[in-house]
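Peer 1: Have a peek at structure37.txt (compact mmCIF, C-alpha atoms).
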# COMPACT_ATOMS: atom_id res chain seq x y z
CA MET A 271 27.54 55.70 54.39
CA LYS A 272 25.66 52.48 54.30
CA GLN A 273 22.08 52.76 53.02
CA PRO A 274 19.25 50.85 54.65
CA THR A 275 18.26 47.96 52.41
CA GLU A 276 15.57 46.09 54.27
CA PRO A 277 12.52 47.78 52.70
CA LYS A 278 13.88 47.18 49.17
CA THR A 279 14.66 43.51 49.85
CA HIS A 280 11.26 42.98 51.34
CA SER A 281 9.50 44.46 48.33
CA PHE A 282 11.26 42.00 45.88
CA ARG A 283 10.83 38.79 47.92
CA PRO A 284 7.71 37.52 46.01
CA ILE A 285 9.45 37.99 42.63
CA ARG A 286 12.57 36.11 43.77
CA THR A 287 10.42 33.29 45.12
CA GLY A 288 8.58 33.10 41.80
CA ILE A 289 11.84 32.97 39.85
CA ALA A 290 13.15 30.21 42.11
CA ILE A 291 9.99 28.14 41.63
CA GLY A 292 10.19 28.68 37.88
CA VAL A 293 13.79 27.48 37.78
CA ILE A 294 12.91 24.37 39.80
CA LEU A 295 9.99 23.53 37.51
CA THR A 296 12.08 24.05 34.38
CA VAL A 297 14.84 21.77 35.66
CA THR A 298 12.25 19.15 36.63
CA ALA A 299 10.70 19.29 33.18
CA ILE A 300 14.08 18.92 31.47
CA MET A 301 14.98 15.96 33.70
CA ALA A 302 11.66 14.31 33.00
CA SER A 303 11.89 14.72 29.24
CA THR A 304 15.44 13.40 29.26
CA PHE A 305 14.66 10.14 30.99
CA LYS A 306 11.25 9.36 29.53
CA THR A 307 11.01 7.93 26.00
CA THR A 308 8.08 10.15 25.00
CA ASP A 309 5.77 12.41 26.87
CA LYS A 310 3.11 12.15 24.23
CA LEU A 311 2.76 8.39 24.59
CA THR A 312 2.16 8.76 28.30
CA GLU A 313 -0.63 11.21 27.56
CA GLU A 314 -2.09 8.80 25.06
CA ASP A 315 -1.87 6.03 27.61
CA VAL A 316 -4.02 8.13 29.90
CA LYS A 317 -6.52 8.84 27.14
CA THR A 318 -6.81 5.20 26.17
CA LYS A 319 -6.59 3.66 29.60
CA ASN A 320 -10.08 2.18 29.28
CA LYS A 321 -8.92 0.22 26.27
CA THR A 322 -5.78 -1.11 27.84
CA ASN A 323 -5.16 -4.29 29.70
CA ARG A 324 -4.56 -2.20 32.82
CA ALA A 325 -1.43 -4.13 33.55
CA PRO A 326 0.55 -2.13 36.05
CA ILE A 327 3.59 -0.37 34.69
CA ASN A 328 6.26 -0.68 37.27
CA ARG A 329 8.94 1.68 36.03
CA ASP A 330 12.49 0.43 36.38
CA SER A 331 15.00 1.92 34.00
CA VAL A 332 17.72 -0.65 34.75
CA GLU A 333 15.47 -3.68 34.15
CA SER A 334 13.87 -2.03 31.13
CA VAL A 335 17.17 -1.23 29.42
CA LYS A 336 18.52 -4.70 30.26
CA ALA A 337 15.47 -6.30 28.60
CA PHE A 338 15.84 -4.10 25.55
CA ALA A 339 19.32 -5.50 24.97
CA SER A 340 17.66 -8.86 24.24
CA VAL A 341 14.93 -7.22 22.17
CA TYR A 342 17.55 -5.42 20.10
CA LYS A 343 19.41 -8.66 19.33
CA VAL A 344 16.24 -10.14 17.89
CA LEU A 345 15.13 -7.06 15.95
CA MET A 346 18.56 -6.73 14.37
CA SER A 347 18.66 -10.41 13.34
CA PRO A 348 18.11 -11.06 9.64
CA ARG A 349 14.66 -12.54 10.24
CA CYS A 350 13.41 -9.19 11.52
CA MET A 351 15.74 -6.61 9.99
CA ASN A 352 15.47 -7.91 6.42
CA CYS A 353 11.98 -6.46 6.15
CA HIS A 354 12.93 -3.25 7.98
CA PRO A 355 15.61 -1.93 5.59
CA ALA A 356 17.11 1.53 5.55
CA GLY A 357 16.17 1.88 1.88
CA ASP A 358 13.10 0.85 -0.09
CA VAL A 359 14.45 -2.52 -1.22
CA PRO A 360 14.04 -5.38 1.28
CA LEU A 361 17.02 -7.41 2.42
CA GLN A 362 17.54 -11.11 1.94
CA GLY A 363 19.47 -13.98 3.46
CA ASP A 364 21.47 -14.37 6.64
CA ASP A 365 23.95 -11.80 5.32
CA SER A 366 21.11 -9.30 4.74
CA HIS A 367 22.06 -8.51 1.16
CA LEU A 368 19.71 -6.47 -1.00
CA HIS A 369 16.83 -8.62 -2.26
CA THR A 370 17.63 -10.01 -5.68
CA MET A 371 15.46 -8.48 -8.41
CA GLY A 372 15.27 -5.28 -6.39
CA PRO A 373 11.58 -5.25 -5.47
CA LYS A 374 10.49 -1.87 -4.11
CA ARG A 375 8.47 -1.02 -1.02
CA GLY A 376 5.60 0.84 -2.74
CA ALA A 377 3.21 3.12 -0.87
CA GLU A 378 1.58 0.31 1.12
CA GLY A 379 4.74 -1.74 1.60
CA LYS A 380 3.42 -4.51 -0.62
CA GLY A 381 5.54 -3.93 -3.69
CA LEU A 382 4.92 -2.38 -7.09
CA TYR A 383 3.21 -3.47 -10.32
CA ALA A 384 4.37 -6.97 -11.28
CA MET A 385 6.73 -7.01 -8.29
CA LYS A 386 4.30 -7.28 -5.42
CA CYS A 387 5.44 -9.36 -2.45
CA SER A 388 2.60 -11.85 -2.63
CA ASN A 389 3.36 -12.64 -6.27
CA CYS A 390 6.20 -14.84 -5.02
CA HIS A 391 5.70 -15.05 -1.24
CA GLN A 392 2.86 -17.51 -0.77
CA PRO A 393 0.64 -17.79 2.31
CA THR A 394 2.98 -20.51 3.62
CA ASN A 395 6.66 -21.33 3.11
CA THR A 396 7.51 -22.85 -0.25
CA PRO A 397 9.38 -26.15 0.30
CA GLY A 398 13.07 -26.31 -0.53
CA VAL A 399 16.11 -24.09 -0.15
CA HIS A 400 16.32 -20.73 -1.95
CA THR A 401 12.55 -20.67 -2.27
CA PRO A 402 10.41 -17.77 -1.06
CA PRO A 403 9.38 -17.91 2.59
CA GLY A 404 5.65 -17.44 3.05
CA ASN A 405 3.11 -15.56 5.10
CA PRO A 406 -0.46 -14.49 4.29
CA ASN A 407 0.42 -10.88 5.04
CA TRP A 408 3.93 -10.53 3.66
CA HIS A 409 4.92 -6.87 3.41
CA LEU A 410 7.34 -4.16 4.45
CA PRO A 411 6.26 -1.26 6.64
CA PRO A 412 4.39 1.26 4.46
CA ALA A 413 6.10 4.32 3.01
CA THR A 414 4.40 6.57 5.56
CA MET A 415 5.73 4.53 8.52
CA ARG A 416 9.00 2.98 7.39
CA MET A 417 10.09 1.70 10.81
CA VAL A 418 13.73 1.25 9.82
CA PHE A 419 15.77 -1.21 11.90
CA GLN A 420 18.85 -1.43 9.68
CA GLY A 421 21.62 0.80 11.02
CA ARG A 422 19.75 1.95 14.12
CA THR A 423 21.57 2.02 17.46
CA PRO A 424 19.78 0.57 20.52
CA HIS A 425 18.99 4.12 21.65
CA GLN A 426 17.61 5.15 18.26
CA LEU A 427 15.56 1.99 17.83
CA ALA A 428 14.02 2.14 21.30
CA LYS A 429 13.02 5.78 20.82
CA GLN A 430 11.63 5.04 17.38
CA LEU A 431 9.57 2.07 18.54
CA MET A 432 7.88 4.14 21.23
CA ASP A 433 7.33 7.27 19.15
CA PRO A 434 3.69 7.33 17.97
CA LYS A 435 4.72 9.49 15.02
CA GLN A 436 7.04 6.73 13.84
CA ASN A 437 5.29 3.57 15.02
CA GLY A 438 1.90 3.99 13.38
CA ASN A 439 0.32 5.61 16.45
CA LYS A 440 0.63 2.39 18.43
CA THR A 441 0.04 2.54 22.15
CA LYS A 442 2.12 0.49 24.57
CA GLU A 443 -0.68 -2.05 24.72
CA GLN A 444 -0.76 -2.35 20.94
CA LEU A 445 3.00 -2.73 20.92
CA LEU A 446 2.72 -5.51 23.50
CA GLU A 447 0.20 -7.28 21.25
CA HIS A 448 2.44 -6.79 18.22
CA ALA A 449 4.82 -9.43 19.58
CA HIS A 450 2.15 -11.96 18.60
CA ASP A 451 1.51 -10.57 15.11
CA GLY A 452 1.51 -13.29 12.46
CA LEU A 453 4.35 -11.74 10.52
CA VAL A 454 6.47 -11.35 13.68
CA LEU A 455 5.84 -15.00 14.51
CA GLY A 456 6.88 -15.87 10.96
CA GLY A 457 10.43 -14.94 11.93
CA TRP A 458 10.55 -18.17 13.93
CA ASN A 459 9.32 -20.20 10.95
CA PRO A 460 11.70 -18.89 8.28
CA GLY A 461 11.77 -21.87 5.93
CA GLU A 462 14.66 -24.08 4.96
CA GLY A 463 18.20 -22.77 5.03
CA ARG A 464 17.57 -19.69 7.14
CA THR A 465 18.78 -19.16 10.70
CA LEU A 466 16.36 -18.47 13.52
CA PRO A 467 16.43 -15.32 15.65
CA PRO A 468 18.91 -15.58 18.55
CA MET A 469 16.29 -16.63 21.12
CA SER A 470 12.90 -18.32 21.21
CA HIS A 471 9.73 -16.36 20.58
CA ALA A 472 8.73 -16.93 24.22
CA GLU A 473 12.03 -15.44 25.42
CA PHE A 474 11.64 -12.54 23.01
CA THR A 475 8.09 -11.88 24.20
CA LYS A 476 9.25 -11.91 27.80
CA ALA A 477 12.02 -9.39 27.05
CA TRP A 478 9.70 -7.23 24.92
CA THR A 479 7.06 -7.19 27.65
CA THR A 480 9.60 -6.44 30.36
CA TRP A 481 11.09 -3.60 28.35
CA ILE A 482 7.71 -1.95 27.83
CA LYS A 483 6.16 -2.63 31.23
CA LYS A 484 9.25 -1.45 33.07
CA GLY A 485 8.88 1.90 31.36
CA ALA A 486 10.16 1.40 27.78
CA TYR A 487 13.38 3.22 28.59
CA ALA A 488 15.85 3.83 25.81
CA PRO A 489 19.46 2.79 26.38
CA LYS A 490 21.92 5.66 26.55
CA PRO A 491 23.02 7.00 23.14
CA MET B 165 -6.42 -35.22 -4.78
CA ALA B 166 -9.10 -32.58 -4.76
CA SER B 167 -11.40 -30.87 -7.17
CA ILE B 168 -10.03 -27.46 -8.04
CA ASN B 169 -12.29 -25.02 -9.87
CA PHE B 170 -11.13 -21.83 -11.50
CA ASN B 171 -11.83 -19.57 -14.41
CA ILE B 172 -8.93 -19.59 -16.83
CA ASN B 173 -8.88 -17.17 -19.75
CA GLY B 174 -12.60 -16.61 -19.36
CA LYS B 175 -13.58 -20.27 -19.24
CA ASP B 176 -14.63 -22.18 -16.14
CA GLN B 177 -12.47 -25.22 -15.57
CA SER B 178 -12.56 -28.03 -13.02
CA ILE B 179 -9.54 -30.26 -12.50
CA ASP B 180 -8.83 -33.10 -10.08
CA VAL B 181 -5.31 -32.61 -8.72
CA ASP B 182 -3.26 -32.41 -5.53
CA PRO B 183 -3.86 -28.87 -4.14
CA GLN B 184 -0.11 -28.66 -3.47
CA MET B 185 0.67 -29.02 -7.19
CA PRO B 186 2.33 -25.91 -8.66
CA LEU B 187 -0.17 -23.90 -10.65
CA LEU B 188 2.29 -24.03 -13.55
CA TRP B 189 1.95 -27.80 -13.87
CA ALA B 190 -1.83 -27.56 -13.66
CA ILE B 191 -1.88 -24.98 -16.46
CA ARG B 192 0.57 -26.78 -18.71
CA ASP B 193 0.02 -30.47 -18.04
CA VAL B 194 -3.60 -30.67 -16.91
CA VAL B 195 -5.33 -27.80 -18.70
CA GLY B 196 -2.95 -28.09 -21.63
CA LEU B 197 -1.95 -24.47 -22.16
CA LYS B 198 1.76 -24.50 -23.04
CA GLY B 199 2.44 -20.78 -23.47
CA THR B 200 3.51 -20.37 -19.85
CA LYS B 201 7.10 -21.55 -19.39
CA TYR B 202 9.08 -23.28 -16.67
CA GLY B 203 12.30 -21.43 -15.94
CA CYS B 204 13.84 -21.80 -12.49
CA GLY B 205 11.11 -23.32 -10.36
CA VAL B 206 11.91 -21.07 -7.38
CA ALA B 207 10.34 -17.72 -8.34
CA GLN B 208 13.63 -16.22 -9.44
CA CYS B 209 13.23 -15.72 -13.19
CA GLY B 210 9.62 -14.79 -14.06
CA ALA B 211 9.20 -17.10 -17.06
CA CYS B 212 6.15 -18.70 -15.46
CA THR B 213 4.29 -15.44 -14.76
CA VAL B 214 0.50 -15.60 -15.10
CA HIS B 215 -2.25 -13.40 -13.71
CA LEU B 216 -4.12 -14.58 -10.62
CA ASN B 217 -7.00 -12.18 -10.08
CA GLY B 218 -5.03 -9.66 -12.10
CA GLU B 219 -1.74 -9.98 -10.22
CA ALA B 220 1.43 -11.27 -11.87
CA VAL B 221 2.09 -14.36 -9.76
CA ARG B 222 4.90 -16.85 -10.27
CA SER B 223 3.01 -20.01 -11.13
CA CYS B 224 5.98 -22.28 -10.34
CA VAL B 225 5.67 -21.57 -6.60
CA THR B 226 1.94 -20.83 -6.47
CA ARG B 227 0.08 -23.90 -5.34
CA VAL B 228 -2.94 -24.71 -7.47
CA GLY B 229 -5.05 -24.73 -4.29
CA ARG B 230 -4.51 -20.96 -4.03
CA ALA B 231 -6.23 -20.58 -7.40
CA ASN B 232 -9.35 -22.47 -6.34
CA GLY B 233 -12.37 -20.30 -7.12
CA GLN B 234 -10.16 -17.58 -8.61
CA LYS B 235 -9.53 -16.06 -12.04
CA ILE B 236 -6.39 -16.96 -13.97
CA MET B 237 -5.12 -15.42 -17.17
CA THR B 238 -2.28 -16.86 -19.19
CA ILE B 239 -0.57 -15.46 -22.27
CA GLU B 240 -3.14 -17.31 -24.39
CA GLY B 241 -5.94 -15.25 -22.81
CA LEU B 242 -4.33 -11.81 -22.99
CA SER B 243 -6.10 -11.03 -26.28
CA GLU B 244 -8.32 -12.84 -28.73
CA ASN B 245 -6.10 -12.44 -31.78
CA ASN B 246 -2.66 -11.77 -30.34
CA ASN B 247 -3.48 -8.10 -30.72
CA HIS B 248 -2.98 -6.75 -27.22
CA PRO B 249 -0.96 -3.51 -27.56
CA LEU B 250 1.97 -5.24 -25.88
CA GLN B 251 1.86 -8.14 -28.32
CA LEU B 252 1.67 -5.73 -31.26
CA ALA B 253 4.58 -3.72 -29.90
CA TRP B 254 6.59 -6.89 -29.32
CA GLN B 255 6.04 -7.84 -32.97
CA GLU B 256 6.71 -4.31 -34.23
CA ILE B 257 10.08 -4.10 -32.49
CA ASP B 258 10.87 -7.78 -32.89
CA VAL B 259 11.71 -7.98 -29.21
CA PRO B 260 12.45 -11.67 -28.60
CA GLN B 261 15.62 -13.49 -29.48
CA CYS B 262 15.05 -17.06 -28.27
CA GLY B 263 11.63 -16.04 -26.95
CA TYR B 264 11.49 -18.43 -24.00
CA CYS B 265 10.93 -15.78 -21.31
CA HIS B 266 8.61 -13.52 -23.26
CA SER B 267 5.21 -14.83 -22.25
CA GLY B 268 6.26 -14.03 -18.69
CA GLN B 269 7.69 -10.67 -19.75
CA ILE B 270 4.46 -9.67 -21.47
CA MET B 271 2.27 -10.79 -18.58
CA SER B 272 4.32 -8.69 -16.16
CA ALA B 273 4.26 -5.71 -18.51
CA ALA B 274 0.47 -6.01 -18.80
CA VAL B 275 0.11 -5.45 -15.05
CA LEU B 276 2.44 -2.45 -15.25
CA LEU B 277 0.40 -0.78 -18.02
CA ARG B 278 -2.89 -1.52 -16.30
CA GLU B 279 -1.67 0.25 -13.15
CA ASN B 280 0.47 2.88 -14.85
CA PRO B 281 -0.55 3.62 -18.46
CA ASN B 282 2.34 6.01 -19.03
CA PRO B 283 5.38 4.51 -17.29
CA THR B 284 8.81 6.08 -17.10
CA ASP B 285 11.98 4.07 -17.62
CA GLN B 286 12.25 3.80 -13.83
CA ASP B 287 8.68 2.52 -13.56
CA ILE B 288 9.48 -0.11 -16.19
CA ASP B 289 12.60 -1.16 -14.31
CA ASN B 290 10.64 -1.37 -11.05
CA ALA B 291 8.01 -3.57 -12.68
CA MET B 292 10.19 -5.77 -14.86
CA ALA B 293 13.25 -6.37 -12.68
CA GLY B 294 11.92 -9.79 -11.72
CA ASN B 295 11.77 -11.07 -15.29
CA ILE B 296 15.12 -12.34 -16.48
CA CYS B 297 16.04 -12.58 -20.18
CA ARG B 298 19.14 -14.64 -20.84
CA CYS B 299 19.35 -13.18 -24.34
CA GLY B 300 19.54 -9.69 -22.89
CA THR B 301 16.66 -8.12 -24.77
CA TYR B 302 15.98 -5.67 -21.97
CA LEU B 303 16.38 -2.52 -24.05
CA ARG B 304 13.93 -3.78 -26.66
CA ILE B 305 11.51 -4.82 -23.91
CA ARG B 306 11.62 -1.31 -22.47
CA LYS B 307 11.14 0.24 -25.92
CA ALA B 308 8.19 -2.04 -26.65
CA ILE B 309 6.50 -1.18 -23.37
CA HIS B 310 6.78 2.53 -24.18
CA LEU B 311 5.39 1.83 -27.65
CA ALA B 312 2.51 -0.21 -26.23
CA ALA B 313 1.75 2.51 -23.71
CA GLY B 314 1.49 5.02 -26.56
CA GLY B 315 -0.67 2.63 -28.52
CA MET B 316 -3.01 2.11 -25.60
CA GLN B 317 -3.35 5.83 -25.08
CA GLN B 318 -4.13 6.35 -28.80
CA LYS B 319 -6.75 3.62 -28.54
CA VAL B 320 -8.30 5.33 -25.54
CA GLY B 321 -8.24 8.65 -27.43
CA LYS B 322 -10.05 7.14 -30.42
CA ASN B 323 -12.73 5.61 -28.21
CA GLU B 324 -13.45 8.93 -26.48
Take the structure I supplied and represent it as structure tokens, if you would.
Peer 2:
Amino acid sequence: MKQPTEPKTHSFRPIRTGIAIGVILTVTAIMASTFKTTDKLTEEDVKTKNKTNRAPINRDSVESVKAFASVYKVLMSPRCMNCHPAGDVPLQGDDSHLHTMGPKRGAEGKGLYAMKCSNCHQPTNTPGVHTPPGNPNWHLPPATMRMVFQGRTPHQLAKQLMDPKQNGNKTKEQLLEHAHDGLVLGGWNPGEGRTLPPMSHAEFTKAWTTWIKKGAYAPKP
Amino acid sequence: MASINFNINGKDQSIDVDPQMPLLWAIRDVVGLKGTKYGCGVAQCGACTVHLNGEAVRSCVTRVGRANGQKIMTIEGLSENNNHPLQLAWQEIDVPQCGYCHSGQIMSAAVLLRENPNPTDQDIDNAMAGNICRCGTYLRIRKAIHLAAGGMQQKVGKNE
């Protein structure tokens, strides 16, 4: 004999509704964390919004990822990657071989003992081929924020660049400004006998800015 | 031409040279201190190493203008009587063969011991890898640096 079920169903309706809402929220959260580069950076953007240039961020994953393809080409060129090695010895030359003499990063990224970067790298390029290129602030990323480019996939590099734990706590605005850093600009003034990055600094800046302002999306792994 | 003023081995010096001149030529040909050697001219060998404000710069690629108003030390200024612990250790072990690179070797080693008075073999390699010795005296150089480090620590102990 069939038992009446209506009272029982009625008594559990609020619990079922709660479970359904919970499932929807969980799925939403997973989707959001999958497609955003970092949640934390967005929170920091909110905290520091008074310091920012208030430029609107018009999220567009397709445009952002397309721009990052250009960014990646530049960052993986010898002029950028040579000072972002996987190990603690910088790279050298258009073939990105290990730096002759084997200078080491050191805690601050400025070398060790008698092998500090500025002992050979002068404030400006030294004339001639096979001479040290120059910059007043020549250094590798410090040991606490190694910012490795060498060997990184586009997905890995994009995620790393936007991760405050790996990028020196830089906000998006600070990253935008970093395109004009003196050492970054030095990549386009490499000294005799060295190739330039694959596009102009203006083109790179445009791609960098587009990537970040369109949402700083990471290409698919 | 410009007037370049610096303190070299404790003495103030003023020279009238092109600021683009390599510091090495200013030291050797203008000031007249010949202990610092020319090796490669492109910062590859370390023979020309001197101290600029205590750092072991390659004087062949360092423009003399960078030294304006700064302190320079060459091998001649490392000690008054060639009795820096490194110099004594170099003599004790008879490190050099031809000797050409050794003023640069000692100046680099002096920075190492100032920053790390008790270096390991790895520390010595990290510090000295930029100083080339065509005679291959590397093992004696390493031994002498260890000996000098011990000597410096004994000296510190006696003074305490």
Peer 1: Go ahead and compute the interatomic distance for CA of Leu431 in chain A and CA of Leu382 in chain A, in Å to one decimal.
Peer 2: 26.4 Å
Peer 1: Give the answer as one residue: which of B:Gly241, B:Gly294, B:Pro283, B:Gly210 has the shortest atom-to-atom distance to chain A, using all atoms listed in the file?
Peer 2: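 With all atoms listed in the file as the atom set, the closest residue is B:Gly294.
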Peer 1: Output the contact residues of chain B with respect to chain A at a cut-off of 6 Å, based on only C-alpha atoms, as JSON, numbers by chain.
Peer 2: {"B": [206, 220, 221, 222, 272, 275, 276, 291, 293, 294]}
Peer 1: Kindly give the distance, in Å, that separates CA of Pro360 in chain A and CA of Gly438 in chain A, rounded to a single decimal.
Peer 2: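 According to the coordinates, CA of Pro360 in chain A and CA of Gly438 in chain A are separated by 19.5 Å.
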Peer 1: What's the separation between CA of Tyr487 in chain A and CA of Leu345 in chain A, in Å to one decimal place?
Peer 2: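 Separation between CA of Tyr487 in chain A and CA of Leu345 in chain A: 16.4 Å.
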Peer 1: Show me, as a ChimeraX atom specification, the residues that have an atom within 6 Å of Asn352 in chain A when counting all atoms listed in the file, minus same-chain residues fewer than 2 positions from it.
Peer 2: /A:348,350,354,360-362
Peer 1: Can you spit out the residues from that selection as a PDB file, keeping the file's coordinate frame, using C-alpha atoms?
Peer 2:
ATOM      1  CA  PRO A 348      18.110 -11.060   9.640  1.00  0.00           C
ATOM      2  CA  CYS A 350      13.410  -9.190  11.520  1.00  0.00           C
ATOM      3  CA  HIS A 354      12.930  -3.250   7.980  1.00  0.00           C
ATOM      4  CA  PRO A 360      14.040  -5.380   1.280  1.00  0.00           C
ATOM      5  CA  LEU A 361      17.020  -7.410   2.420  1.00  0.00           C
ATOM      6  CA  GLN A 362      17.540 -11.110   1.940  1.00  0.00           C
TER       7      GLN A 362
END
Peer 1: Of the candidates A:Asp451, A:Ala377, A:Gln444, A:Glu462, which shows the shortest atom-to-atom distance to Leu410 in chain A, using all atoms listed in the file?
Peer 2: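 Using all atoms listed in the file, the shortest distance to Leu410 in chain A belongs to A:Ala377.
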Peer 1: Compile the contact shell of range 181-186 of chain B as number ranges by chain: residues with an atom at most 9 Å away, counting only C-alpha atoms, same-chain residues fewer than 3 positions apart removed.
Peer 2: B: 165-168, 189-191, 194, 223-230, 232
Peer 1: I'd like to know which of B:Ala273, B:Ile296, B:Leu187, B:Met316 is closest to Gly218 in chain B, using only C-alpha atoms.
Peer 2: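 Once distances to Gly218 in chain B are computed over only C-alpha atoms, the minimum belongs to B:Ala273.
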Peer 1: Excluding Ala449 in chain A and any residue of its chain fewer than 6 positions from it, enumerate the residues within 10 Å of it, using only C-alpha atoms, and give them as number ranges by chain.
Peer 2: A: 455, 471-472, 474-476, 478-479
Peer 1: Could you check which of A:Ser340, A:Met469, A:Met417, A:Glu333 is closest to Lys429 in chain A, using all atoms listed in the file?
Peer 2: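 Using all atoms listed in the file, the shortest distance to Lys429 in chain A belongs to A:Met417.
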Peer 1: Could you pull the residues within 12 Å of Met346 in chain A, counting all atoms listed in the file, minus those fewer than 2 positions along the same chain, as JSON, numbers by chain?
Peer 2: {"A": [338, 339, 340, 341, 342, 343, 344, 348, 349, 350, 351, 352, 353, 354, 355, 364, 365, 366, 418, 419, 420, 421, 422, 423, 424, 427, 457, 466, 467, 468]}
Peer 1: Find, counting all atoms listed in the file, the residue in B:Leu188, B:Ile288, B:Met271, B:Ile179 that gets nearest to His248 in chain B.
Peer 2: B:Met271
Peer 1: Skip Asn328 in chain A itself and residues of its chain fewer than 6 positions away, then list as a list in words all residues within 7 Å of it, counting all atoms listed in the file.
Peer 2: Lys483, Lys484 and Gly485 of chain A
Peer 1: Which is closest to Ser334 in chain A among A:Gln426, A:Thr480, A:Lys490, A:Ala356, if we use only C-alpha atoms?
Peer 2: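 Nearest to Ser334 in chain A: A:Thr480.
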Peer 1: Is it possible to add N, CA and C atoms to range 415-430 of chain A and hand it back as an mmCIF file, in the frame of the given file?
Peer 2:
data_model
loop_
_atom_site.group_PDB
_atom_site.id
_atom_site.type_symbol
_atom_site.label_atom_id
_atom_site.label_comp_id
_atom_site.auth_asym_id
_atom_site.auth_seq_id
_atom_site.Cartn_x
_atom_site.Cartn_y
_atom_site.Cartn_z
ATOM 1 N N MET A 415 5.274 4.962 7.189
ATOM 2 C CA MET A 415 5.730 4.530 8.520
ATOM 3 C C MET A 415 6.804 3.460 8.301
ATOM 4 N N ARG A 416 8.000 3.903 7.910
ATOM 5 C CA ARG A 416 9.000 2.980 7.390
ATOM 6 C C ARG A 416 9.644 2.102 8.465
ATOM 7 N N MET A 417 9.605 2.504 9.680
ATOM 8 C CA MET A 417 10.090 1.700 10.810
ATOM 9 C C MET A 417 11.402 0.976 10.473
ATOM 10 N N VAL A 418 12.418 1.780 10.195
ATOM 11 C CA VAL A 418 13.730 1.250 9.820
ATOM 12 C C VAL A 418 14.419 0.622 11.038
ATOM 13 N N PHE A 419 14.911 -0.592 10.881
ATOM 14 C CA PHE A 419 15.770 -1.210 11.900
ATOM 15 C C PHE A 419 17.237 -1.118 11.483
ATOM 16 N N GLN A 420 17.476 -1.345 10.183
ATOM 17 C CA GLN A 420 18.850 -1.430 9.680
ATOM 18 C C GLN A 420 19.632 -0.158 10.026
ATOM 19 N N GLY A 421 20.755 -0.328 10.702
ATOM 20 C CA GLY A 421 21.620 0.800 11.020
ATOM 21 C C GLY A 421 21.260 1.558 12.282
ATOM 22 N N ARG A 422 20.166 1.224 12.914
ATOM 23 C CA ARG A 422 19.750 1.950 14.120
ATOM 24 C C ARG A 422 20.551 1.462 15.334
ATOM 25 N N THR A 423 20.951 2.388 16.189
ATOM 26 C CA THR A 423 21.570 2.020 17.460
ATOM 27 C C THR A 423 20.460 1.593 18.423
ATOM 28 N N PRO A 424 20.824 0.929 19.534
ATOM 29 C CA PRO A 424 19.780 0.570 20.520
ATOM 30 C C PRO A 424 18.987 1.797 20.975
ATOM 31 N N HIS A 425 19.666 2.895 21.221
ATOM 32 C CA HIS A 425 18.990 4.120 21.650
ATOM 33 C C HIS A 425 18.006 4.590 20.584
ATOM 34 N N GLN A 426 18.468 4.659 19.344
ATOM 35 C CA GLN A 426 17.610 5.150 18.260
ATOM 36 C C GLN A 426 16.406 4.230 18.051
ATOM 37 N N LEU A 427 16.647 2.927 18.099
ATOM 38 C CA LEU A 427 15.560 1.990 17.830
ATOM 39 C C LEU A 427 14.512 2.028 18.943
ATOM 40 N N ALA A 428 14.971 2.090 20.183
ATOM 41 C CA ALA A 428 14.020 2.140 21.300
ATOM 42 C C ALA A 428 13.149 3.407 21.210
ATOM 43 N N LYS A 429 13.781 4.532 20.935
ATOM 44 C CA LYS A 429 13.020 5.780 20.820
ATOM 45 C C LYS A 429 12.020 5.707 19.670
ATOM 46 N N GLN A 430 12.486 5.139 18.566
ATOM 47 C CA GLN A 430 11.630 5.040 17.380
ATOM 48 C C GLN A 430 10.422 4.140 17.628
#
